[in-house]
>>> print(open('work33.txt').read())   # compact mmCIF, C-alpha atoms
# COMPACT_ATOMS: atom_id res chain seq x y z
CA MET A 1 -26.90 -168.25 177.94
CA LYS A 2 -29.44 -169.73 180.36
CA ILE A 3 -31.97 -167.20 181.68
CA VAL A 4 -32.47 -167.43 185.45
CA GLN A 5 -36.15 -167.06 186.33
CA PRO A 6 -37.14 -165.09 189.46
CA TYR A 7 -39.28 -168.04 190.60
CA THR A 8 -38.93 -171.80 190.96
CA PRO A 9 -40.89 -174.53 189.10
CA LYS A 10 -42.86 -175.25 192.29
CA GLU A 11 -43.74 -171.58 192.65
CA ILE A 12 -45.06 -171.17 189.11
CA MET A 13 -46.99 -174.47 189.36
CA THR A 14 -48.60 -173.34 192.61
CA ILE A 15 -49.57 -169.95 191.20
CA MET A 16 -50.97 -171.45 187.99
CA ALA A 17 -53.12 -173.86 190.00
CA ALA A 18 -54.22 -171.06 192.33
CA ARG A 19 -55.42 -169.05 189.33
CA GLU A 20 -57.76 -171.93 188.42
CA ILE A 21 -59.65 -171.36 191.69
CA LYS A 22 -62.33 -168.67 191.60
CA ASN A 23 -64.16 -166.73 194.28
CA GLY A 24 -66.92 -168.87 195.73
CA ASP A 25 -65.28 -172.15 194.74
CA ILE A 26 -65.35 -175.01 197.25
CA VAL A 27 -61.87 -176.52 197.17
CA PHE A 28 -61.28 -180.18 198.08
CA SER A 29 -57.62 -180.18 199.03
CA GLY A 30 -55.06 -182.87 199.67
CA THR A 31 -51.60 -182.67 201.22
CA GLY A 32 -48.53 -180.89 199.90
CA ILE A 33 -48.50 -178.60 196.91
CA SER A 34 -52.26 -178.96 196.40
CA MET A 35 -52.86 -177.54 199.89
CA LEU A 36 -50.41 -174.73 199.19
CA ALA A 37 -52.21 -173.89 195.93
CA ALA A 38 -55.55 -173.74 197.75
CA MET A 39 -54.07 -171.44 200.40
CA ALA A 40 -52.45 -169.27 197.73
CA ALA A 41 -55.77 -168.86 195.92
CA LYS A 42 -57.55 -167.87 199.14
CA ASN A 43 -54.84 -165.32 199.96
CA ILE A 44 -54.41 -163.91 196.45
CA ASN A 45 -57.30 -164.19 194.01
CA ALA A 46 -60.17 -166.09 195.65
CA PRO A 47 -60.66 -164.80 199.21
CA ASP A 48 -64.23 -166.11 199.31
CA SER A 49 -63.28 -169.66 198.33
CA VAL A 50 -63.87 -172.39 200.92
CA ILE A 51 -61.23 -175.07 201.52
CA PHE A 52 -62.25 -178.43 202.94
CA PHE A 53 -60.37 -181.63 203.68
CA GLU A 54 -61.21 -185.32 203.55
CA THR A 55 -60.63 -185.53 207.31
CA GLY A 56 -63.67 -183.30 207.82
CA ALA A 57 -62.42 -179.76 208.47
CA ILE A 58 -64.32 -177.14 206.46
CA ASP A 59 -63.31 -173.49 205.96
CA SER A 60 -60.38 -173.44 208.41
CA LEU A 61 -58.48 -170.25 209.13
CA LEU A 62 -55.18 -171.81 207.98
CA GLU A 63 -52.81 -169.28 209.51
CA GLU A 64 -49.99 -171.80 208.99
CA LEU A 65 -49.45 -174.38 206.27
CA PRO A 66 -50.42 -177.79 207.70
CA PHE A 67 -48.13 -180.78 207.12
CA ALA A 68 -51.03 -183.04 206.10
CA VAL A 69 -54.82 -183.31 206.07
CA ALA A 70 -54.67 -184.87 209.55
CA ASP A 71 -52.57 -182.02 210.98
CA PRO A 72 -54.50 -180.36 213.88
CA ARG A 73 -53.84 -176.98 212.23
CA ILE A 74 -56.49 -177.71 209.61
CA MET A 75 -59.07 -177.64 212.43
CA TYR A 76 -58.13 -174.19 213.72
CA TRP A 77 -61.16 -171.86 213.60
CA ALA A 78 -62.87 -174.18 211.11
CA ALA A 79 -66.54 -173.56 210.34
CA SER A 80 -67.07 -177.28 210.89
CA ASN A 81 -64.97 -180.18 212.13
CA SER A 82 -66.73 -183.30 210.98
CA ARG A 83 -65.62 -186.62 209.49
CA LEU A 84 -64.69 -188.39 206.28
CA THR A 85 -68.25 -189.33 205.33
CA ASP A 86 -69.45 -185.73 205.61
CA SER A 87 -66.49 -184.50 203.62
CA PHE A 88 -67.28 -186.88 200.75
CA ALA A 89 -70.97 -186.03 200.98
CA THR A 90 -70.06 -182.36 200.54
CA MET A 91 -67.95 -183.28 197.54
CA GLN A 92 -70.85 -185.13 195.88
CA ASN A 93 -73.67 -182.80 196.95
CA LYS A 94 -75.62 -181.59 193.92
CA ILE A 95 -76.51 -178.36 195.77
CA THR A 96 -72.90 -177.22 195.37
CA GLY A 97 -73.28 -177.54 191.59
CA ASP A 98 -70.10 -176.77 189.66
CA LYS A 99 -68.53 -174.90 192.59
CA VAL A 100 -66.50 -177.85 193.87
CA ILE A 101 -62.96 -178.11 192.56
CA ALA A 102 -60.39 -180.70 193.64
CA ILE A 103 -56.61 -180.89 193.36
CA LEU A 104 -55.02 -184.28 192.68
CA GLY A 105 -51.61 -185.75 192.03
CA ALA A 106 -50.81 -188.81 189.92
CA ALA A 107 -48.01 -191.09 188.76
CA GLN A 108 -49.41 -191.34 185.20
CA ILE A 109 -51.96 -189.56 183.05
CA ASP A 110 -53.17 -190.34 179.53
CA ILE A 111 -54.54 -188.18 176.72
CA HIS A 112 -58.10 -188.43 178.13
CA GLY A 113 -57.14 -187.37 181.66
CA ASN A 114 -57.38 -190.82 183.25
CA LEU A 115 -55.06 -191.18 186.23
CA ASN A 116 -52.89 -193.90 187.72
CA THR A 117 -51.90 -193.73 191.39
CA THR A 118 -51.74 -197.49 191.95
CA CYS A 119 -48.64 -199.05 190.40
CA ILE A 120 -46.03 -199.02 187.65
CA GLY A 121 -45.85 -202.29 185.75
CA ASP A 122 -48.12 -205.31 186.10
CA TYR A 123 -50.60 -204.99 188.97
CA PHE A 124 -49.77 -208.43 190.38
CA SER A 125 -46.01 -208.00 190.03
CA PRO A 126 -45.37 -204.24 189.90
CA GLU A 127 -42.08 -202.43 189.55
CA ILE A 128 -43.44 -199.81 191.97
CA ARG A 129 -46.53 -199.97 194.17
CA PHE A 130 -48.10 -196.64 195.15
CA SER A 131 -50.65 -195.82 197.84
CA GLY A 132 -53.57 -196.46 195.49
CA SER A 133 -56.78 -194.53 195.11
CA GLY A 134 -57.49 -193.25 198.61
CA GLY A 135 -60.32 -190.91 197.71
CA GLY A 136 -58.91 -190.16 194.26
CA CYS A 137 -61.34 -192.34 192.32
CA ASP A 138 -64.32 -190.83 194.17
CA VAL A 139 -63.04 -187.31 193.53
CA ALA A 140 -62.42 -187.89 189.81
CA SER A 141 -65.78 -189.65 189.48
CA PHE A 142 -67.99 -187.02 191.10
CA VAL A 143 -66.24 -183.64 191.34
CA PRO A 144 -67.04 -181.45 188.31
CA ARG A 145 -63.59 -179.85 188.10
CA CYS A 146 -60.22 -181.31 189.06
CA ILE A 147 -56.70 -179.96 188.76
CA ALA A 148 -53.95 -182.56 188.34
CA PHE A 149 -50.42 -181.72 189.49
CA MET A 150 -47.74 -183.56 187.48
CA GLN A 151 -44.05 -183.43 186.65
CA HIS A 152 -43.93 -183.30 182.85
CA GLU A 153 -42.08 -186.44 181.73
CA LYS A 154 -42.74 -189.12 179.11
CA ARG A 155 -42.99 -191.79 181.79
CA LYS A 156 -45.86 -189.83 183.36
CA PHE A 157 -47.68 -188.59 180.23
CA VAL A 158 -48.25 -192.01 178.69
CA LYS A 159 -50.16 -193.54 175.78
CA LYS A 160 -51.54 -196.25 178.04
CA LEU A 161 -51.80 -196.29 181.83
CA ASP A 162 -50.29 -199.22 183.69
CA TYR A 163 -53.42 -199.13 185.86
CA LEU A 164 -56.60 -197.02 185.71
CA THR A 165 -57.16 -195.70 189.22
CA SER A 166 -59.29 -192.60 188.64
CA PRO A 167 -61.46 -191.88 185.58
CA GLY A 168 -61.03 -188.88 183.35
CA ARG A 169 -62.87 -189.09 180.05
CA LEU A 170 -62.15 -192.83 179.84
CA GLY A 171 -61.94 -193.47 176.07
CA GLY A 172 -62.94 -189.94 175.07
CA GLU A 173 -66.05 -188.38 173.55
CA ASN A 174 -69.09 -189.66 175.53
CA LYS A 175 -67.44 -192.67 177.19
CA ARG A 176 -67.58 -191.11 180.64
CA GLN A 177 -71.33 -190.50 180.42
CA GLU A 178 -71.88 -193.97 178.94
CA ALA A 179 -70.20 -195.39 182.04
CA GLY A 180 -72.80 -193.63 184.18
CA LEU A 181 -70.49 -190.90 185.47
CA PRO A 182 -71.45 -187.21 185.61
CA PRO A 183 -69.41 -184.67 183.63
CA GLY A 184 -66.16 -183.86 185.39
CA GLY A 185 -62.80 -185.39 186.10
CA VAL A 186 -59.53 -183.60 185.38
CA THR A 187 -60.18 -180.31 183.61
CA ALA A 188 -56.69 -178.80 183.93
CA VAL A 189 -53.25 -180.38 184.23
CA VAL A 190 -50.60 -178.15 185.81
CA THR A 191 -46.99 -179.22 185.31
CA ASN A 192 -43.51 -177.76 185.63
CA LEU A 193 -43.69 -176.89 181.90
CA GLY A 194 -47.24 -175.72 181.21
CA VAL A 195 -51.00 -176.02 181.63
CA MET A 196 -53.08 -178.53 179.66
CA ARG A 197 -56.85 -178.71 179.15
CA PHE A 198 -59.28 -181.01 177.30
CA GLU A 199 -61.31 -180.63 174.10
CA LYS A 200 -65.05 -180.86 174.77
CA SER A 201 -65.79 -182.77 171.57
CA THR A 202 -63.05 -185.42 171.72
CA GLY A 203 -62.04 -185.36 175.37
CA LYS A 204 -58.38 -185.19 174.32
CA MET A 205 -55.72 -183.19 176.10
CA TYR A 206 -54.31 -180.07 174.44
CA LEU A 207 -51.69 -177.53 175.45
CA ASP A 208 -53.24 -174.28 176.66
CA LYS A 209 -50.30 -172.42 178.24
CA PHE A 210 -46.54 -172.92 178.24
CA TYR A 211 -44.26 -171.19 180.72
CA PRO A 212 -41.60 -168.59 179.88
CA ASN A 213 -38.88 -171.22 180.45
CA SER A 214 -40.62 -173.73 178.17
CA THR A 215 -41.88 -174.12 174.59
CA PRO A 216 -44.54 -176.29 172.91
CA GLN A 217 -41.73 -178.36 171.38
CA ILE A 218 -40.17 -179.08 174.79
CA ILE A 219 -43.58 -180.16 176.08
CA LEU A 220 -44.13 -182.49 173.10
CA GLU A 221 -40.68 -184.01 173.63
CA ASN A 222 -41.71 -184.85 177.20
CA THR A 223 -45.09 -186.36 176.27
CA GLU A 224 -45.46 -189.93 175.02
CA PHE A 225 -48.68 -189.25 173.10
CA HIS A 226 -49.30 -186.58 170.46
CA MET A 227 -50.93 -183.47 171.87
CA ASP A 228 -52.42 -180.52 170.00
CA VAL A 229 -50.28 -177.42 170.67
CA SER A 230 -51.71 -175.21 167.93
CA LYS A 231 -53.73 -173.01 170.33
CA ALA A 232 -51.01 -172.65 172.97
CA THR A 233 -49.95 -169.24 174.25
CA GLN A 234 -47.32 -168.24 176.78
CA ALA A 235 -48.59 -168.03 180.36
CA ASP A 236 -48.35 -164.80 182.30
CA PRO A 237 -45.56 -165.40 184.82
CA PRO A 238 -46.20 -165.02 188.56
CA THR A 239 -46.37 -161.37 189.60
CA LYS A 240 -44.26 -159.88 192.35
CA ILE A 241 -47.37 -159.61 194.55
CA GLU A 242 -48.32 -163.26 193.95
CA LEU A 243 -44.80 -164.43 194.81
CA LYS A 244 -44.61 -162.21 197.90
CA ILE A 245 -47.87 -163.58 199.31
CA LEU A 246 -46.95 -167.16 198.42
CA ARG A 247 -43.52 -166.92 200.05
CA GLU A 248 -44.27 -164.71 203.05
CA ASP A 249 -47.88 -165.56 203.96
CA CYS A 250 -48.54 -169.08 202.66
CA ASP A 251 -45.25 -170.93 203.09
CA PRO A 252 -42.74 -168.72 204.94
CA GLN A 253 -41.05 -171.84 206.38
CA ARG A 254 -40.75 -173.23 202.83
CA LEU A 255 -42.17 -176.59 203.83
CA ILE A 256 -43.40 -177.22 200.27
CA LEU A 257 -41.56 -174.63 198.17
CA ASP A 258 -38.10 -176.03 198.95
>>> encode(input="work33.txt", output="structure tokens")
Amino acid sequence: MKIVQPYTPKEIMTIMAAREIKNGDIVFSGTGISMLAAMAAKNINAPDSVIFFETGAIDSLLEELPFAVADPRIMYWAASNSRLTDSFATMQNKITGDKVIAILGAAQIDIHGNLNTTCIGDYFSPEIRFSGSGGGCDVASFVPRCIAFMQHEKRKFVKKLDYLTSPGRLGGENKRQEAGLPPGGVTAVVTNLGVMRFEKSTGKMYLDKFYPNSTPQIILENTEFHMDVSKATQADPPTKIELKILREDCDPQRLILD
């Protein structure tokens, strides 16, 4: 008999991503579920985190969930309303150290955390053309910690990207540093099935947590490349308090959760 969980896949993904954000973190947020995760963290476990957007708003009050990073609501009671260049300067500022964390989405990811948001198929004659990098390449290149949101499917967790848009660990080991990039890139991958991280020595993805409705075997069956699952443990499910705040304070209109 199928067990009905008291939360949806979007809800557990949002909470798992929110738990990655710590007090004092400076969160570079995009639109959609990444924005909701940032808001959830600030309302639940990281009240002293600072959210900023590529459109220039820094530390907004965010009484309502904005539709997008250009929504005027992201400017409400912001500490600063600046511009794109200042936002990216904040992202790359060495003074912030390892406090900056970004949340990204992608069409494909490989075992080293490299991302594709450009196209499926040949670049010059693609099956699907996406929006491209935007600021994704800059974020993955310079931000020390990134969370990637993904649906866990073989067509997304691939052996080889159709196009490298944003660098993770490139070919693994020290390839990122050899390319002149600082340490960073995707450090956690949050999906509808579990949470993945990366080995320091090899740069390869491994399974850290699987959800109560999932298993390591299910995750392997939905991944094109082989992933180490030997250290995986079951994630703590969202608590009643986390779900209450997420549903009633962060997204009461269910703009993202539905």
>>> closest_residue(input="work33.txt", among="A:Pro47, A:Gly56, A:Gly30, A:Gly172", to="Val139 of chain A", atoms="all atoms listed in the file")
A:Gly30
>>> closest_residue(input="work33.txt", among="A:Arg129, A:Lys240, A:Lys10, A:Arg145", to="Leu255 of chain A", atoms="all atoms listed in the file")
A:Lys10
>>> residues_around(input="work33.txt", residues="Asn81 of chain A", least_positions_apart="4", cutoff="7 Å", atoms="only C-alpha atoms", output="ChimeraX atom specification")
/A:56-58,75
>>> closest_residue(input="work33.txt", among="A:Glu127, A:Asp251, A:Asp228, A:Asp208", to="Asn43 of chain A", atoms="only C-alpha atoms")
A:Asp251
>>> residues_near_point(input="work33.txt", point="(-53.1, -177.9, 193.7)", cutoff="10 Å", atoms="all atoms listed in the file", output="number ranges by chain")
A: 13-18, 20-21, 27-41, 101-105, 146-150, 189-190
>>> closest_residue(input="work33.txt", among="A:Leu164, A:Ala46, A:Val143, A:Ile109", to="Met196 of chain A", atoms="only C-alpha atoms")
A:Ile109
>>> atom_distance(input="work33.txt", atom1="atom CA of Asp138 of chain A", atom2="atom CA of Ala107 of chain A")
17.2 Å
>>> atom_distance(input="work33.txt", atom1="atom CA of Pro237 of chain A", atom2="atom CA of Thr215 of chain A")
13.9 Å
>>> axis_aligned_box(input="work33.txt", around="segment 16-35 of chain A", padding_each_side="6 Å", output="JSON")
{"center_x": -57.7, "center_y": -174.8, "center_z": 194.6, "size_x": 30.4, "size_y": 28.1, "size_z": 25.2}
>>> atom_distance(input="work33.txt", atom1="atom CA of Gly168 of chain A", atom2="atom CA of Ile74 of chain A")
28.9 Å
>>> closest_residue(input="work33.txt", among="A:Leu62, A:Leu220, A:Ala235, A:Leu170", to="Arg19 of chain A", atoms="all atoms listed in the file")
A:Ala235
>>> closest_residue(input="work33.txt", among="A:Trp77, A:Phe53, A:Tyr163, A:Tyr123", to="Asp110 of chain A", atoms="only C-alpha atoms")
A:Tyr163
>>> residues_near_point(input="work33.txt", point="(-48.1, -191.6, 180.5)", cutoff="8 Å", atoms="only C-alpha atoms", output="list of chain:residue names")
A:Gln108, A:Ile109, A:Asp110, A:Lys154, A:Arg155, A:Lys156, A:Phe157, A:Val158, A:Lys159, A:Lys160, A:Leu161, A:Thr223, A:Glu224, A:Phe225
>>> residues_around(input="work33.txt", residues="segment 174-183 of chain A", least_positions_apart="5", cutoff="8 Å", atoms="only C-alpha atoms", output="PyMOL selection string")
chain A and resi 141-142+144+167-169
